[in-house]
>>> print(open('my_file28.tsv').read())   # TSV, N, CA and C atoms and all ligand atoms
chain	number	residue	atom	x	y	z
N	1	MET	N	40.08	-45.89	-65.50
N	1	MET	CA	38.97	-45.03	-65.91
N	1	MET	C	38.05	-44.73	-64.73
N	2	LYS	N	37.61	-45.79	-64.06
N	2	LYS	CA	36.71	-45.62	-62.92
N	2	LYS	C	37.37	-44.76	-61.84
N	3	LYS	N	38.65	-45.02	-61.58
N	3	LYS	CA	39.37	-44.26	-60.56
N	3	LYS	C	39.47	-42.80	-60.96
N	4	ASP	N	39.63	-42.52	-62.27
N	4	ASP	CA	39.69	-41.14	-62.73
N	4	ASP	C	38.39	-40.41	-62.40
N	5	VAL	N	37.28	-41.08	-62.63
N	5	VAL	CA	35.97	-40.47	-62.35
N	5	VAL	C	35.81	-40.22	-60.86
N	6	LEU	N	36.20	-41.22	-60.05
N	6	LEU	CA	36.09	-41.06	-58.61
N	6	LEU	C	37.00	-39.95	-58.10
N	7	ASN	N	38.19	-39.85	-58.67
N	7	ASN	CA	39.09	-38.75	-58.31
N	7	ASN	C	38.48	-37.40	-58.69
N	8	ALA	N	37.81	-37.34	-59.84
N	8	ALA	CA	37.17	-36.10	-60.28
N	8	ALA	C	36.03	-35.72	-59.33
N	9	VAL	N	35.28	-36.71	-58.89
N	9	VAL	CA	34.19	-36.44	-57.93
N	9	VAL	C	34.78	-35.93	-56.62
N	10	ARG	N	35.83	-36.57	-56.18
N	10	ARG	CA	36.48	-36.14	-54.94
N	10	ARG	C	36.95	-34.69	-55.06
N	11	ALA	N	37.57	-34.38	-56.20
N	11	ALA	CA	38.05	-33.01	-56.43
N	11	ALA	C	36.88	-32.02	-56.45
N	12	LYS	N	35.77	-32.41	-57.05
N	12	LYS	CA	34.59	-31.54	-57.10
N	12	LYS	C	34.06	-31.29	-55.68
N	13	CYS	N	34.01	-32.35	-54.88
N	13	CYS	CA	33.50	-32.20	-53.51
N	13	CYS	C	34.45	-31.32	-52.68
N	14	LEU	N	35.75	-31.50	-52.86
N	14	LEU	CA	36.69	-30.63	-52.15
N	14	LEU	C	36.52	-29.19	-52.60
N	15	ASP	N	36.30	-28.98	-53.88
N	15	ASP	CA	36.07	-27.63	-54.40
N	15	ASP	C	34.79	-27.05	-53.80
N	16	CYS	N	33.76	-27.88	-53.73
N	16	CYS	CA	32.46	-27.47	-53.17
N	16	CYS	C	32.62	-27.04	-51.71
N	17	CYS	N	33.56	-27.66	-51.00
N	17	CYS	CA	33.77	-27.40	-49.57
N	17	CYS	C	35.03	-26.58	-49.33
N	18	MET	N	35.42	-25.80	-50.31
N	18	MET	CA	36.58	-24.90	-50.19
N	18	MET	C	37.84	-25.63	-49.74
N	19	GLY	N	38.01	-26.84	-50.23
N	19	GLY	CA	39.23	-27.60	-49.97
N	19	GLY	C	39.29	-28.23	-48.59
N	20	GLN	N	38.21	-28.17	-47.84
N	20	GLN	CA	38.21	-28.72	-46.48
N	20	GLN	C	37.68	-30.16	-46.49
N	21	ALA	N	38.59	-31.11	-46.35
N	21	ALA	CA	38.20	-32.52	-46.41
N	21	ALA	C	37.18	-32.87	-45.33
N	22	ASN	N	37.33	-32.26	-44.16
N	22	ASN	CA	36.38	-32.58	-43.09
N	22	ASN	C	34.97	-32.09	-43.43
N	23	GLU	N	34.88	-31.00	-44.17
N	23	GLU	CA	33.56	-30.50	-44.58
N	23	GLU	C	32.92	-31.46	-45.59
N	24	VAL	N	33.74	-32.06	-46.43
N	24	VAL	CA	33.21	-33.07	-47.36
N	24	VAL	C	32.64	-34.22	-46.55
N	25	LYS	N	33.38	-34.62	-45.53
N	25	LYS	CA	32.92	-35.71	-44.65
N	25	LYS	C	31.60	-35.35	-43.99
N	26	LEU	N	31.46	-34.09	-43.60
N	26	LEU	CA	30.27	-33.64	-42.87
N	26	LEU	C	29.14	-33.18	-43.78
N	27	CYS	N	29.32	-33.30	-45.09
N	27	CYS	CA	28.31	-32.83	-46.04
N	27	CYS	C	26.93	-33.38	-45.67
N	28	THR	N	25.95	-32.49	-45.71
N	28	THR	CA	24.58	-32.90	-45.35
N	28	THR	C	23.65	-32.92	-46.56
N	29	ILE	N	24.21	-32.66	-47.74
N	29	ILE	CA	23.38	-32.62	-48.95
N	29	ILE	C	23.24	-34.04	-49.51
N	30	THR	N	22.46	-34.83	-48.81
N	30	THR	CA	22.37	-36.24	-49.17
N	30	THR	C	21.68	-36.49	-50.50
N	31	ASP	N	20.95	-35.48	-51.00
N	31	ASP	CA	20.31	-35.68	-52.31
N	31	ASP	C	21.21	-35.25	-53.47
N	32	CYS	N	22.43	-34.81	-53.17
N	32	CYS	CA	23.40	-34.51	-54.23
N	32	CYS	C	23.78	-35.84	-54.87
N	33	SER	N	23.82	-35.85	-56.19
N	33	SER	CA	24.12	-37.11	-56.87
N	33	SER	C	25.56	-37.58	-56.61
N	34	LEU	N	26.43	-36.68	-56.16
N	34	LEU	CA	27.81	-37.07	-55.88
N	34	LEU	C	27.99	-37.59	-54.46
N	35	TYR	N	26.99	-37.38	-53.63
N	35	TYR	CA	27.11	-37.68	-52.20
N	35	TYR	C	27.69	-39.07	-51.89
N	36	PRO	N	27.19	-40.13	-52.50
N	36	PRO	CA	27.74	-41.45	-52.15
N	36	PRO	C	29.20	-41.63	-52.55
N	37	PHE	N	29.67	-40.79	-53.47
N	37	PHE	CA	31.03	-40.96	-54.01
N	37	PHE	C	31.99	-39.89	-53.51
N	38	ARG	N	31.56	-39.08	-52.52
N	38	ARG	CA	32.32	-37.89	-52.13
N	38	ARG	C	33.69	-38.18	-51.54
N	39	PHE	N	33.92	-39.42	-51.09
N	39	PHE	CA	35.23	-39.77	-50.55
N	39	PHE	C	36.17	-40.29	-51.63
N	40	GLY	N	35.71	-40.28	-52.88
N	40	GLY	CA	36.55	-40.77	-53.97
N	40	GLY	C	36.60	-42.28	-54.02
N	41	LYS	N	35.59	-42.89	-53.41
N	41	LYS	CA	35.52	-44.35	-53.43
N	41	LYS	C	34.13	-44.78	-53.86
N	42	ASP	N	34.07	-45.94	-54.47
N	42	ASP	CA	32.78	-46.49	-54.87
N	42	ASP	C	32.18	-47.20	-53.66
N	43	PRO	N	31.04	-46.72	-53.14
N	43	PRO	CA	30.47	-47.34	-51.96
N	43	PRO	C	29.94	-48.75	-52.24
N	44	ASN	N	29.83	-49.09	-53.50
N	44	ASN	CA	29.31	-50.42	-53.84
N	44	ASN	C	30.42	-51.45	-54.05
N	45	GLY	N	31.63	-51.05	-53.79
N	45	GLY	CA	32.71	-52.00	-53.96
N	45	GLY	C	34.02	-51.28	-54.17
N	46	ASN	N	35.07	-52.03	-54.12
N	46	ASN	CA	36.39	-51.44	-54.27
N	46	ASN	C	36.98	-51.71	-55.65
N	47	GLY	N	36.14	-52.11	-56.58
N	47	GLY	CA	36.61	-52.40	-57.92
N	47	GLY	C	37.15	-53.81	-58.05
N	48	ARG	N	37.22	-54.49	-56.93
N	48	ARG	CA	37.73	-55.86	-56.94
N	48	ARG	C	36.55	-56.81	-57.11
N	49	THR	N	36.72	-57.80	-57.91
N	49	THR	CA	35.67	-58.81	-58.03
N	49	THR	C	36.17	-60.06	-57.33
N	50	MET	N	35.28	-60.65	-56.56
N	50	MET	CA	35.66	-61.85	-55.82
N	50	MET	C	34.98	-63.07	-56.44
N	51	SER	N	35.70	-64.16	-56.40
N	51	SER	CA	35.13	-65.41	-56.87
N	51	SER	C	34.14	-65.91	-55.81
N	52	ASP	N	33.31	-66.88	-56.19
N	52	ASP	CA	32.37	-67.45	-55.23
N	52	ASP	C	33.10	-68.06	-54.04
N	53	GLU	N	34.26	-68.66	-54.34
N	53	GLU	CA	35.06	-69.27	-53.27
N	53	GLU	C	35.55	-68.19	-52.30
N	54	GLN	N	36.01	-67.06	-52.83
N	54	GLN	CA	36.48	-65.97	-51.98
N	54	GLN	C	35.34	-65.39	-51.15
N	55	LYS	N	34.15	-65.26	-51.77
N	55	LYS	CA	32.98	-64.74	-51.04
N	55	LYS	C	32.61	-65.68	-49.90
N	56	ALA	N	32.64	-66.99	-50.17
N	56	ALA	CA	32.30	-67.97	-49.13
N	56	ALA	C	33.31	-67.91	-48.00
N	57	LYS	N	34.59	-67.75	-48.35
N	57	LYS	CA	35.64	-67.67	-47.33
N	57	LYS	C	35.45	-66.42	-46.47
N	58	MET	N	35.11	-65.32	-47.11
N	58	MET	CA	34.89	-64.07	-46.39
N	58	MET	C	33.66	-64.20	-45.47
N	59	ALA	N	32.59	-64.81	-45.98
N	59	ALA	CA	31.38	-64.99	-45.17
N	59	ALA	C	31.68	-65.86	-43.96
N	60	GLU	N	32.48	-66.89	-44.16
N	60	GLU	CA	32.86	-67.77	-43.05
N	60	GLU	C	33.68	-67.00	-42.00
N	61	GLY	N	34.59	-66.17	-42.48
N	61	GLY	CA	35.39	-65.35	-41.57
N	61	GLY	C	34.52	-64.40	-40.78
N	62	ASN	N	33.55	-63.78	-41.45
N	62	ASN	CA	32.63	-62.85	-40.76
N	62	ASN	C	31.80	-63.59	-39.72
N	63	ARG	N	31.32	-64.80	-40.09
N	63	ARG	CA	30.51	-65.58	-39.17
N	63	ARG	C	31.32	-65.91	-37.92
N	64	LYS	N	32.57	-66.34	-38.09
N	64	LYS	CA	33.43	-66.67	-36.95
N	64	LYS	C	33.68	-65.44	-36.09
N	65	TYR	N	33.91	-64.31	-36.73
N	65	TYR	CA	34.15	-63.08	-36.00
N	65	TYR	C	32.97	-62.75	-35.09
N	66	TRP	N	31.74	-62.81	-35.64
N	66	TRP	CA	30.57	-62.44	-34.86
N	66	TRP	C	30.26	-63.46	-33.78
N	67	GLU	N	30.52	-64.73	-34.04
N	67	GLU	CA	30.33	-65.75	-33.00
N	67	GLU	C	31.28	-65.48	-31.83
N	68	LYS	N	32.55	-65.16	-32.16
N	68	LYS	CA	33.54	-64.88	-31.13
N	68	LYS	C	33.14	-63.64	-30.34
N	69	LYS	N	32.65	-62.64	-31.05
N	69	LYS	CA	32.25	-61.39	-30.40
N	69	LYS	C	31.05	-61.61	-29.47
N	70	LYS	N	30.09	-62.42	-29.93
N	70	LYS	CA	28.91	-62.73	-29.08
N	70	LYS	C	29.34	-63.49	-27.84
N	71	ALA	N	30.24	-64.47	-28.03
N	71	ALA	CA	30.72	-65.26	-26.89
N	71	ALA	C	31.43	-64.36	-25.89
N	72	SER	N	32.23	-63.45	-26.38
N	72	SER	CA	32.95	-62.53	-25.51
N	72	SER	C	31.98	-61.63	-24.75
N	73	ALA	N	30.94	-61.14	-25.45
N	73	ALA	CA	29.95	-60.27	-24.82
N	73	ALA	C	29.18	-61.02	-23.74
N	74	SER	N	28.84	-62.29	-23.99
N	74	SER	CA	28.09	-63.03	-22.98
N	74	SER	C	28.98	-63.35	-21.78
N	75	GLU	N	30.29	-63.61	-21.99
N	75	GLU	CA	31.20	-63.81	-20.87
N	75	GLU	C	31.30	-62.54	-20.03
N	76	ASP	N	31.35	-61.40	-20.70
N	76	ASP	CA	31.41	-60.11	-19.99
N	76	ASP	C	30.16	-59.90	-19.15
N	77	SER	N	28.99	-60.26	-19.72
N	77	SER	CA	27.75	-60.03	-18.96
N	77	SER	C	27.66	-60.98	-17.76
N	78	LEU	N	28.24	-62.19	-17.89
N	78	LEU	CA	28.24	-63.12	-16.76
N	78	LEU	C	29.13	-62.60	-15.61
N	79	ARG	N	30.19	-61.88	-16.00
N	79	ARG	CA	31.08	-61.30	-14.99
N	79	ARG	C	30.54	-59.98	-14.45
N	80	GLY	N	29.43	-59.52	-15.07
N	80	GLY	CA	28.83	-58.26	-14.62
N	80	GLY	C	29.52	-57.03	-15.17
N	81	GLU	N	30.26	-57.20	-16.24
N	81	GLU	CA	30.96	-56.06	-16.87
N	81	GLU	C	30.10	-55.42	-17.93
Z	1	LIG	S1	28.25	-34.38	-52.19
Z	1	LIG	FE1	28.27	-32.59	-50.88
Z	1	LIG	S2	30.37	-31.85	-51.01
Z	1	LIG	FE2	30.04	-33.19	-52.76
Z	1	LIG	S3	29.38	-31.82	-54.42
Z	1	LIG	FE3	27.56	-32.64	-53.41
Z	1	LIG	S4	27.04	-31.07	-51.93
Z	1	LIG	FE4	29.15	-30.69	-52.52
>>> encode(input="my_file28.tsv", output="structure tokens")
Amino acid sequence: MKKDVLNAVRAKCLDCCMGQANEVKLCTITDCSLYPFRFGKDPNGNGRTMSDEQKAKMAEGNRKYWEKKKASASEDSLRGE
């Protein structure tokens, strides 16, 4: 059901932009009520619900990613890159 609605919004946005997907991407009418959904996706989630355990695992993965990225950036700055 939700996907049907999102597909309908996507179709409406493509119709609004004469079938040009790139124009939908570049839409500047941010006060249009369809704007957040113009890609046919729910910006608030992918319809998947995660358990608390899954959320914690994801948060831990994100934390590790950013720590690694910061460490890499500081090594680069020490080398003068
Ligand atoms: S979000 Fe943009 S492309 Fe979609 S209907 Fe509204 S104005 Fe048209």
>>> closest_atom_pairs(input="my_file28.tsv", of="chain N", to="ligand LIG 1 (chain Z)", cutoff="7 Å", atoms="all atoms listed in the file", output="JSON lines")
{"residue": "N:Val9", "atom": "C", "partner": "Z:LIG1", "partner_atom": "FE2", "distance": 6.7}
{"residue": "N:Lys12", "atom": "C", "partner": "Z:LIG1", "partner_atom": "S3", "distance": 4.9}
{"residue": "N:Cys13", "atom": "CA", "partner": "Z:LIG1", "partner_atom": "FE2", "distance": 3.7}
{"residue": "N:Leu14", "atom": "N", "partner": "Z:LIG1", "partner_atom": "S2", "distance": 5.7}
{"residue": "N:Asp15", "atom": "C", "partner": "Z:LIG1", "partner_atom": "FE4", "distance": 6.8}
{"residue": "N:Cys16", "atom": "CA", "partner": "Z:LIG1", "partner_atom": "FE4", "distance": 4.7}
{"residue": "N:Cys17", "atom": "N", "partner": "Z:LIG1", "partner_atom": "S2", "distance": 5.3}
{"residue": "N:Glu23", "atom": "C", "partner": "Z:LIG1", "partner_atom": "S2", "distance": 6.0}
{"residue": "N:Val24", "atom": "CA", "partner": "Z:LIG1", "partner_atom": "S2", "distance": 4.8}
{"residue": "N:Lys25", "atom": "N", "partner": "Z:LIG1", "partner_atom": "S2", "distance": 6.8}
{"residue": "N:Cys27", "atom": "CA", "partner": "Z:LIG1", "partner_atom": "FE1", "distance": 4.8}
{"residue": "N:Thr28", "atom": "N", "partner": "Z:LIG1", "partner_atom": "FE1", "distance": 5.7}
{"residue": "N:Ile29", "atom": "CA", "partner": "Z:LIG1", "partner_atom": "S4", "distance": 5.0}
{"residue": "N:Thr30", "atom": "N", "partner": "Z:LIG1", "partner_atom": "FE1", "distance": 6.6}
{"residue": "N:Asp31", "atom": "C", "partner": "Z:LIG1", "partner_atom": "FE3", "distance": 6.9}
{"residue": "N:Cys32", "atom": "CA", "partner": "Z:LIG1", "partner_atom": "FE3", "distance": 4.6}
{"residue": "N:Ser33", "atom": "N", "partner": "Z:LIG1", "partner_atom": "FE3", "distance": 5.7}
{"residue": "N:Leu34", "atom": "C", "partner": "Z:LIG1", "partner_atom": "S1", "distance": 3.9}
{"residue": "N:Tyr35", "atom": "CA", "partner": "Z:LIG1", "partner_atom": "S1", "distance": 3.5}
{"residue": "N:Pro36", "atom": "N", "partner": "Z:LIG1", "partner_atom": "S1", "distance": 5.9}
{"residue": "N:Phe37", "atom": "N", "partner": "Z:LIG1", "partner_atom": "S1", "distance": 6.7}
{"residue": "N:Arg38", "atom": "CA", "partner": "Z:LIG1", "partner_atom": "FE2", "distance": 5.3}
>>> residues_around(input="my_file28.tsv", residues="stretch 39-46 of chain N", least_positions_apart="5", cutoff="6.5 Å", atoms="all atoms listed in the file", output="number ranges by chain")
N: 6-7, 9-10
>>> atom_distance(input="my_file28.tsv", atom1="atom CA of N:Asn62", atom2="atom CA of N:Ser77")
22.5 Å
>>> atom_distance(input="my_file28.tsv", atom1="atom N of N:Ala56", atom2="atom N of N:Lys68")
18.1 Å
>>> atom_distance(input="my_file28.tsv", atom1="atom CA of N:Ala59", atom2="atom CA of N:Lys2")
26.8 Å
>>> axis_aligned_box(input="my_file28.tsv", around="stretch 28-46 of chain N", padding_each_side="8 Å", output="lines of an AutoDock Vina configuration file")
center_x = 28.6
center_y = -42.3
center_z = -51.1
size_x = 32.7
size_y = 35.5
size_z = 27.5
>>> select_by_dssp(input="my_file28.tsv", residues="chain N", states="alpha helix (DSSP H)", output="ChimeraX atom specification")
/N:2-16,21-25,52-78
